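Okay, coords-v4.cif is below, mmCIF, C-alpha atoms:
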```cif
data_my_file
loop_
_atom_site.label_atom_id
_atom_site.label_comp_id
_atom_site.auth_asym_id
_atom_site.auth_seq_id
_atom_site.Cartn_x
_atom_site.Cartn_y
_atom_site.Cartn_z
CA MET A 1 17.31 -15.82 5.10
CA ARG A 2 19.88 -14.31 2.74
CA THR A 3 17.84 -15.73 -0.12
CA ASN A 4 15.17 -13.17 0.83
CA PRO A 5 15.33 -10.50 -1.95
CA MET A 6 14.84 -7.75 0.62
CA ILE A 7 17.94 -8.91 2.52
CA LYS A 8 19.97 -9.03 -0.70
CA LYS A 9 18.75 -5.57 -1.67
CA GLY A 10 19.63 -4.14 1.72
CA LEU A 11 23.15 -5.55 1.66
CA ASN A 12 23.69 -4.40 -1.94
CA GLY A 13 25.34 -7.69 -2.78
CA HIS A 14 27.73 -7.66 0.18
CA LEU A 15 27.65 -10.30 2.87
CA GLU A 16 28.24 -7.94 5.77
CA TYR A 17 27.60 -4.31 6.62
CA THR A 18 29.79 -2.48 9.15
CA GLY A 19 27.99 0.88 9.39
CA GLU A 20 24.99 1.90 11.53
CA THR A 21 22.28 -0.72 11.30
CA MET A 22 18.50 -0.58 11.30
CA SER A 23 16.27 -1.40 14.26
CA ILE A 24 12.67 -2.44 14.69
CA ALA A 25 11.92 0.71 16.69
CA GLY A 26 13.53 2.89 14.03
CA ALA A 27 11.49 1.30 11.25
CA ARG A 28 8.33 1.58 13.33
CA ASN A 29 8.92 5.27 14.02
CA LYS A 30 9.66 6.00 10.38
CA ALA A 31 6.54 4.12 9.30
CA LEU A 32 4.41 6.11 11.75
CA GLY A 33 6.02 9.34 10.57
CA LEU A 34 5.39 8.58 6.90
CA LEU A 35 1.82 7.50 7.62
CA SER A 36 1.22 10.73 9.54
CA ILE A 37 2.54 12.80 6.63
CA THR A 38 0.30 10.93 4.21
CA CYS A 39 -2.78 11.35 6.41
CA VAL A 40 -2.23 15.09 6.96
CA VAL A 41 -1.62 15.77 3.27
CA ALA A 42 -4.58 13.56 2.30
CA PHE A 43 -6.88 15.46 4.66
CA ILE A 44 -5.75 18.83 3.30
CA ALA A 45 -6.10 17.67 -0.31
CA TYR A 46 -9.55 16.24 0.39
CA TYR A 47 -10.71 19.37 2.22
CA VAL A 48 -9.53 21.68 -0.57
CA LEU A 49 -10.83 19.54 -3.43
CA TYR A 50 -14.18 18.64 -1.88
CA ALA A 51 -14.91 22.36 -1.44
CA GLY A 52 -17.85 21.99 0.91
CA GLY A 53 -19.79 19.59 -1.28
CA ASN A 54 -18.92 21.10 -4.66
CA PRO A 55 -15.90 19.02 -5.67
CA ASN A 56 -13.46 20.06 -8.34
CA PHE A 57 -13.40 16.65 -10.04
CA ASN A 58 -11.12 17.67 -12.91
CA LEU A 59 -8.44 18.85 -10.50
CA ALA A 60 -9.00 15.81 -8.28
CA TYR A 61 -8.51 13.41 -11.19
CA THR A 62 -5.40 15.28 -12.31
CA LEU A 63 -3.85 15.31 -8.85
CA SER A 64 -4.67 11.65 -8.23
CA ALA A 65 -2.94 10.72 -11.48
CA VAL A 66 0.09 12.91 -10.81
CA GLY A 67 0.40 11.75 -7.20
CA GLY A 68 -0.02 8.11 -8.17
CA PHE A 69 2.46 8.11 -11.05
CA VAL A 70 5.08 10.18 -9.23
CA GLY A 71 4.70 7.94 -6.20
CA LEU A 72 5.12 4.85 -8.37
CA GLY A 73 8.25 6.32 -9.91
CA LEU A 74 9.72 7.03 -6.48
CA VAL A 75 9.02 3.48 -5.31
CA ILE A 76 10.71 2.07 -8.40
CA ALA A 77 13.70 4.35 -7.79
CA MET A 78 13.98 3.19 -4.18
CA SER A 79 13.69 -0.44 -5.19
CA PHE A 80 16.83 -0.04 -7.33
CA LYS A 81 18.61 2.38 -4.98
CA PRO A 82 17.50 1.67 -1.38
CA HIS A 83 20.15 4.04 0.01
CA ILE A 84 18.15 7.04 -1.25
CA SER A 85 15.12 6.01 0.84
CA ASN A 86 15.81 8.43 3.72
CA VAL A 87 15.52 11.38 1.34
CA VAL A 88 12.85 10.05 -1.01
CA ALA A 89 10.49 8.48 1.56
CA PRO A 90 8.98 11.77 2.85
CA ILE A 91 8.47 12.96 -0.73
CA TYR A 92 6.70 9.70 -1.50
CA ALA A 93 4.47 10.13 1.57
CA ILE A 94 3.46 13.59 0.36
CA CYS A 95 2.68 12.31 -3.16
CA GLU A 96 0.58 9.49 -1.76
CA GLY A 97 -1.22 11.92 0.51
CA VAL A 98 -2.24 13.93 -2.55
CA PHE A 99 -3.26 10.72 -4.32
CA VAL A 100 -5.32 9.40 -1.41
CA GLY A 101 -7.02 12.74 -0.75
CA ALA A 102 -7.86 13.22 -4.42
CA ILE A 103 -9.39 9.77 -5.00
CA THR A 104 -11.32 10.01 -1.72
CA VAL A 105 -13.22 13.01 -3.08
CA SER A 106 -15.12 10.97 -5.68
CA PHE A 107 -15.95 8.15 -3.27
CA ALA A 108 -17.17 10.60 -0.64
CA TYR A 109 -19.36 12.45 -3.13
CA TYR A 110 -20.97 9.47 -4.87
CA PHE A 111 -21.11 6.94 -2.02
CA ASP A 112 -22.24 8.40 1.26
CA GLY A 113 -20.58 6.87 4.32
CA VAL A 114 -18.09 4.76 2.38
CA VAL A 115 -14.97 6.76 3.31
CA PRO A 116 -15.23 6.55 7.14
CA LYS A 117 -16.02 2.85 6.86
CA ALA A 118 -12.94 2.30 4.69
CA VAL A 119 -10.77 4.20 7.18
CA VAL A 120 -12.07 2.17 10.13
CA LEU A 121 -11.71 -1.15 8.29
CA THR A 122 -8.15 -0.28 7.26
CA LEU A 123 -7.23 0.55 10.86
CA LEU A 124 -8.83 -2.70 12.01
CA ALA A 125 -6.84 -4.61 9.38
CA ILE A 126 -3.60 -3.08 10.66
CA ILE A 127 -4.44 -3.87 14.29
CA PHE A 128 -5.58 -7.41 13.47
CA THR A 129 -2.45 -8.26 11.46
CA LEU A 130 -0.18 -6.75 14.12
CA LEU A 131 -1.79 -8.93 16.79
CA LEU A 132 -1.71 -11.96 14.51
CA TYR A 133 1.97 -11.44 13.71
CA ARG A 134 2.81 -11.07 17.40
CA GLU A 135 1.07 -14.37 18.19
CA ALA A 136 2.23 -16.30 15.12
CA PRO A 137 5.26 -14.61 13.49
CA GLU A 138 6.12 -17.79 11.60
CA LEU A 139 2.90 -17.42 9.59
CA ALA A 140 4.39 -14.62 7.49
CA GLY A 141 7.20 -16.85 6.29
CA LYS A 142 4.78 -19.61 5.38
CA ILE A 143 2.52 -17.39 3.29
CA ARG A 144 5.21 -15.08 1.81
CA ASN A 145 5.61 -16.83 -1.55
CA ALA A 146 1.88 -17.40 -1.96
CA VAL A 147 1.08 -13.76 -1.19
CA MET A 148 3.69 -12.55 -3.68
CA ILE A 149 2.29 -14.81 -6.41
CA LEU A 150 -1.29 -13.78 -5.69
CA ALA A 151 -0.35 -10.09 -5.72
CA LEU A 152 1.30 -10.50 -9.12
CA THR A 153 -1.78 -12.37 -10.32
CA ILE A 154 -3.99 -9.48 -9.23
CA ILE A 155 -1.77 -6.98 -11.05
CA ALA A 156 -1.80 -9.12 -14.20
CA ALA A 157 -5.59 -9.55 -14.07
CA SER A 158 -6.09 -5.82 -13.58
CA LEU A 159 -3.81 -4.96 -16.51
CA LEU A 160 -5.55 -7.54 -18.70
CA GLY A 161 -8.94 -6.10 -17.79
CA PHE A 162 -7.67 -2.62 -18.64
CA VAL A 163 -6.44 -3.80 -22.05
CA PHE A 164 -9.78 -5.50 -22.75
CA SER A 165 -11.62 -2.28 -21.91
CA LEU A 166 -9.40 -0.34 -24.32
CA LEU A 167 -10.21 -2.86 -27.03
CA GLY A 168 -13.91 -2.42 -26.40
CA PHE A 169 -14.58 -5.79 -24.78
CA GLY A 170 -15.42 -4.35 -21.38
CA ASN A 171 -13.76 -4.98 -18.03
CA VAL A 172 -15.51 -7.56 -15.84
CA LEU A 173 -13.47 -6.37 -12.85
CA ILE A 174 -15.24 -3.00 -12.91
CA GLY A 175 -18.82 -2.54 -11.79
CA ASN A 176 -20.96 -4.14 -9.12
CA SER A 177 -21.37 -7.63 -10.54
CA LEU A 178 -20.90 -10.56 -8.19
CA PHE A 179 -17.72 -11.49 -10.03
CA SER A 180 -16.33 -7.98 -9.62
CA ILE A 181 -17.25 -7.91 -5.93
CA GLY A 182 -15.69 -11.34 -5.45
CA PHE A 183 -12.47 -10.14 -7.08
CA SER A 184 -12.43 -7.10 -4.78
CA ILE A 185 -12.89 -9.29 -1.71
CA PHE A 186 -10.05 -11.51 -2.88
CA THR A 187 -7.83 -8.47 -3.47
CA VAL A 188 -8.60 -7.06 -0.02
CA ILE A 189 -7.65 -10.36 1.61
CA VAL A 190 -4.35 -10.52 -0.29
CA ALA A 191 -3.57 -6.88 0.55
CA ILE A 192 -4.20 -7.49 4.25
CA ALA A 193 -2.04 -10.63 4.15
CA PHE A 194 0.72 -8.53 2.59
CA LEU A 195 0.86 -6.51 5.82
CA LEU A 196 2.21 -9.62 7.56
CA VAL A 197 4.98 -9.85 4.97
CA ASP A 198 5.86 -6.18 5.56
CA TYR A 199 6.11 -6.72 9.32
CA ASP A 200 8.28 -9.76 8.71
CA ASN A 201 10.60 -7.82 6.40
CA ILE A 202 11.26 -5.32 9.18
CA ILE A 203 11.98 -8.03 11.74
CA ILE A 204 14.28 -9.94 9.37
CA GLY A 205 16.07 -6.75 8.35
CA ALA A 206 16.78 -5.82 11.96
CA ARG A 207 17.99 -9.34 12.80
CA HIS A 208 20.39 -9.31 9.88
CA ASN A 209 21.74 -5.85 10.75
CA LEU A 210 20.80 -4.22 7.49
CA PRO A 211 21.91 -0.61 6.88
CA LYS A 212 20.10 2.19 8.72
CA TYR A 213 18.50 3.50 5.53
CA MET A 214 16.55 0.24 5.23
CA GLU A 215 14.27 1.52 8.01
CA SER A 216 12.89 4.06 5.54
CA TYR A 217 12.87 1.48 2.76
CA PHE A 218 10.76 -0.97 4.73
CA ALA A 219 8.60 1.85 6.13
CA VAL A 220 7.75 2.86 2.57
CA GLY A 221 6.89 -0.76 1.77
CA LEU A 222 4.50 -0.85 4.70
CA LEU A 223 2.93 2.47 3.68
CA VAL A 224 2.41 1.17 0.14
CA THR A 225 0.46 -1.79 1.50
CA ILE A 226 -1.62 0.29 3.90
CA ILE A 227 -2.65 2.59 1.05
CA TRP A 228 -3.41 -0.48 -1.08
CA VAL A 229 -5.67 -1.85 1.65
CA TYR A 230 -7.47 1.50 1.99
CA VAL A 231 -8.05 1.91 -1.74
CA GLU A 232 -9.32 -1.65 -2.11
CA MET A 233 -11.62 -1.15 0.87
CA LEU A 234 -13.02 1.96 -0.80
CA GLU A 235 -13.67 0.12 -4.05
CA LEU A 236 -15.26 -2.89 -2.36
CA LEU A 237 -17.57 -0.77 -0.20
CA ALA A 238 -18.50 1.38 -3.20
CA LYS A 239 -19.42 -1.71 -5.22
CA LEU A 240 -21.54 -3.03 -2.38
CA ALA A 241 -23.21 0.37 -1.89
CA SER A 242 -24.07 0.62 -5.57
CA ARG A 243 -26.06 -2.61 -5.37
CA ASP A 244 -28.38 -1.25 -2.67
#
```
Translate this file's structure into structure tokens.
Amino acid sequence: MRTNPMIKKGLNGHLEYTGETMSIAGARNKALGLLSITCVVAFIAYYVLYAGGNPNFNLAYTLSAVGGFVGLGLVIAMSFKPHISNVVAPIYAICEGVFVGAITVSFAYYFDGVVPKAVVLTLLAIIFTLLLYREAPELAGKIRNAVMILALTIIAASLLGFVFSLLGFGNVLIGNSLFSIGFSIFTVIVAIAFLLVDYDNIIIGARHNLPKYMESYFAVGLLVTIIWVYVEMLELLAKLASRD
């Protein structure tokens, strides 16, 4: 298991750690805390920006961009310096709350009923994967490499589509075509599968007595995936709704 990059990152290159170590309960509590912060901030951001049915789209777009890019920067910082996770994790949760609330405004305005469906489906995905992991924990290890490769493939395809759109060729991943919807379904499946990997990281980290700060590190990783699932659910439901 020491070949697992998360284990190497947590040990910072050392074979043993003699300080206070992480626990499954600690990681769970931190994940719930971060998710709560994100949800509260997202609700406030959405309520303020939606303004009773007269959304401030310019501000929403700006805040979604700022929240997204700052959040990405914080994740990158934590990936290189996991020991800062205890301090940075709550800040990340706030940034992602702003991001989630801001992007939800557009979906709620243009696609009636999509947001509550996305929330429910995301919660169901979390519950389903938790139950699946409890019954078959070995599954996460079997699919880990495949999920990582598929996730990188999705990122590469998305970036390539973005470049094509800048060059004027259009982006086949955007819109409500069958191909675009199929890609969204594929992405949702990969994102949900990634939840299993996140659960497994927490279990492995606790078994290998990783440092206490890794609870926040893994909790952030789980929050990243949950937000990914939610955003992809929004996009998939919006594409389906636009075909009606």
Target residues per the PyMOL selection byres ((chain A and resi 129) around 8), formatted as an MDAnalysis selection string
chainID A and resid 125:128 130:133 192:193 195:196
Just so the selection is clear, what residues does the PyMOL selection byres ((chain A and resi 76) around 12) cover here, as a PyMOL selection string?
chain A and resi 69-75+77-82+84-85+88-89+92+217+220-221+224
Could you pull the residues within 10 Å of segment 148-159 of chain A, counting all atoms listed in the file, minus those fewer than 4 positions along the same chain, as a ChimeraX atom specification?
/A:143-144,163-165,171-174,183-184,186-187,190-191,193-194,197
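Nearest-residue note for Val48 of chain A: choosing from A:Leu210, A:Ala27, A:Val98, A:Ala238, the minimum distance belongs to A:Val98, counting only C-alpha atoms.
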Would you compute the distance between atom CA of Leu59 of chain A and atom CA of Val41 of chain A? Give it in Å to one decimal.
15.7 Å
Applying the PyMOL selection byres ((chain A and resi 21-24) around 10) to the file I just gave you, which residues come out? Please list them as a PyMOL selection string.
chain A and resi 17-20+25-30+199+202-216
File dump, residues just selected, C-alpha atoms, as a PDB file, in the coordinates of the input:
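Ended up saving to again_16.pdb:
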```pdb
ATOM      1  CA  TYR A  17      27.600  -4.310   6.620  1.00  0.00           C
ATOM      2  CA  THR A  18      29.790  -2.480   9.150  1.00  0.00           C
ATOM      3  CA  GLY A  19      27.990   0.880   9.390  1.00  0.00           C
ATOM      4  CA  GLU A  20      24.990   1.900  11.530  1.00  0.00           C
ATOM      5  CA  ALA A  25      11.920   0.710  16.690  1.00  0.00           C
ATOM      6  CA  GLY A  26      13.530   2.890  14.030  1.00  0.00           C
ATOM      7  CA  ALA A  27      11.490   1.300  11.250  1.00  0.00           C
ATOM      8  CA  ARG A  28       8.330   1.580  13.330  1.00  0.00           C
ATOM      9  CA  ASN A  29       8.920   5.270  14.020  1.00  0.00           C
ATOM     10  CA  LYS A  30       9.660   6.000  10.380  1.00  0.00           C
ATOM     11  CA  TYR A 199       6.110  -6.720   9.320  1.00  0.00           C
ATOM     12  CA  ILE A 202      11.260  -5.320   9.180  1.00  0.00           C
ATOM     13  CA  ILE A 203      11.980  -8.030  11.740  1.00  0.00           C
ATOM     14  CA  ILE A 204      14.280  -9.940   9.370  1.00  0.00           C
ATOM     15  CA  GLY A 205      16.070  -6.750   8.350  1.00  0.00           C
ATOM     16  CA  ALA A 206      16.780  -5.820  11.960  1.00  0.00           C
ATOM     17  CA  ARG A 207      17.990  -9.340  12.800  1.00  0.00           C
ATOM     18  CA  HIS A 208      20.390  -9.310   9.880  1.00  0.00           C
ATOM     19  CA  ASN A 209      21.740  -5.850  10.750  1.00  0.00           C
ATOM     20  CA  LEU A 210      20.800  -4.220   7.490  1.00  0.00           C
ATOM     21  CA  PRO A 211      21.910  -0.610   6.880  1.00  0.00           C
ATOM     22  CA  LYS A 212      20.100   2.190   8.720  1.00  0.00           C
ATOM     23  CA  TYR A 213      18.500   3.500   5.530  1.00  0.00           C
ATOM     24  CA  MET A 214      16.550   0.240   5.230  1.00  0.00           C
ATOM     25  CA  GLU A 215      14.270   1.520   8.010  1.00  0.00           C
ATOM     26  CA  SER A 216      12.890   4.060   5.540  1.00  0.00           C
TER      27      SER A 216
END
```
So how many Å separate atom CA of Asn145 of chain A and atom CA of Leu223 of chain A, to one decimal?
20.2 Å
Show me the residues close to (-11.6, -2.3, -3.9) - anything with an atom within 9 Å, counting all atoms listed in the file - and format the list as a list in words.
Ile181, Phe183, Ser184, Ile185, Thr187, Val188, Trp228, Val229, Tyr230, Val231, Glu232, Met233, Leu234, Glu235, Leu236, Leu237, Ala238 and Lys239 of chain A
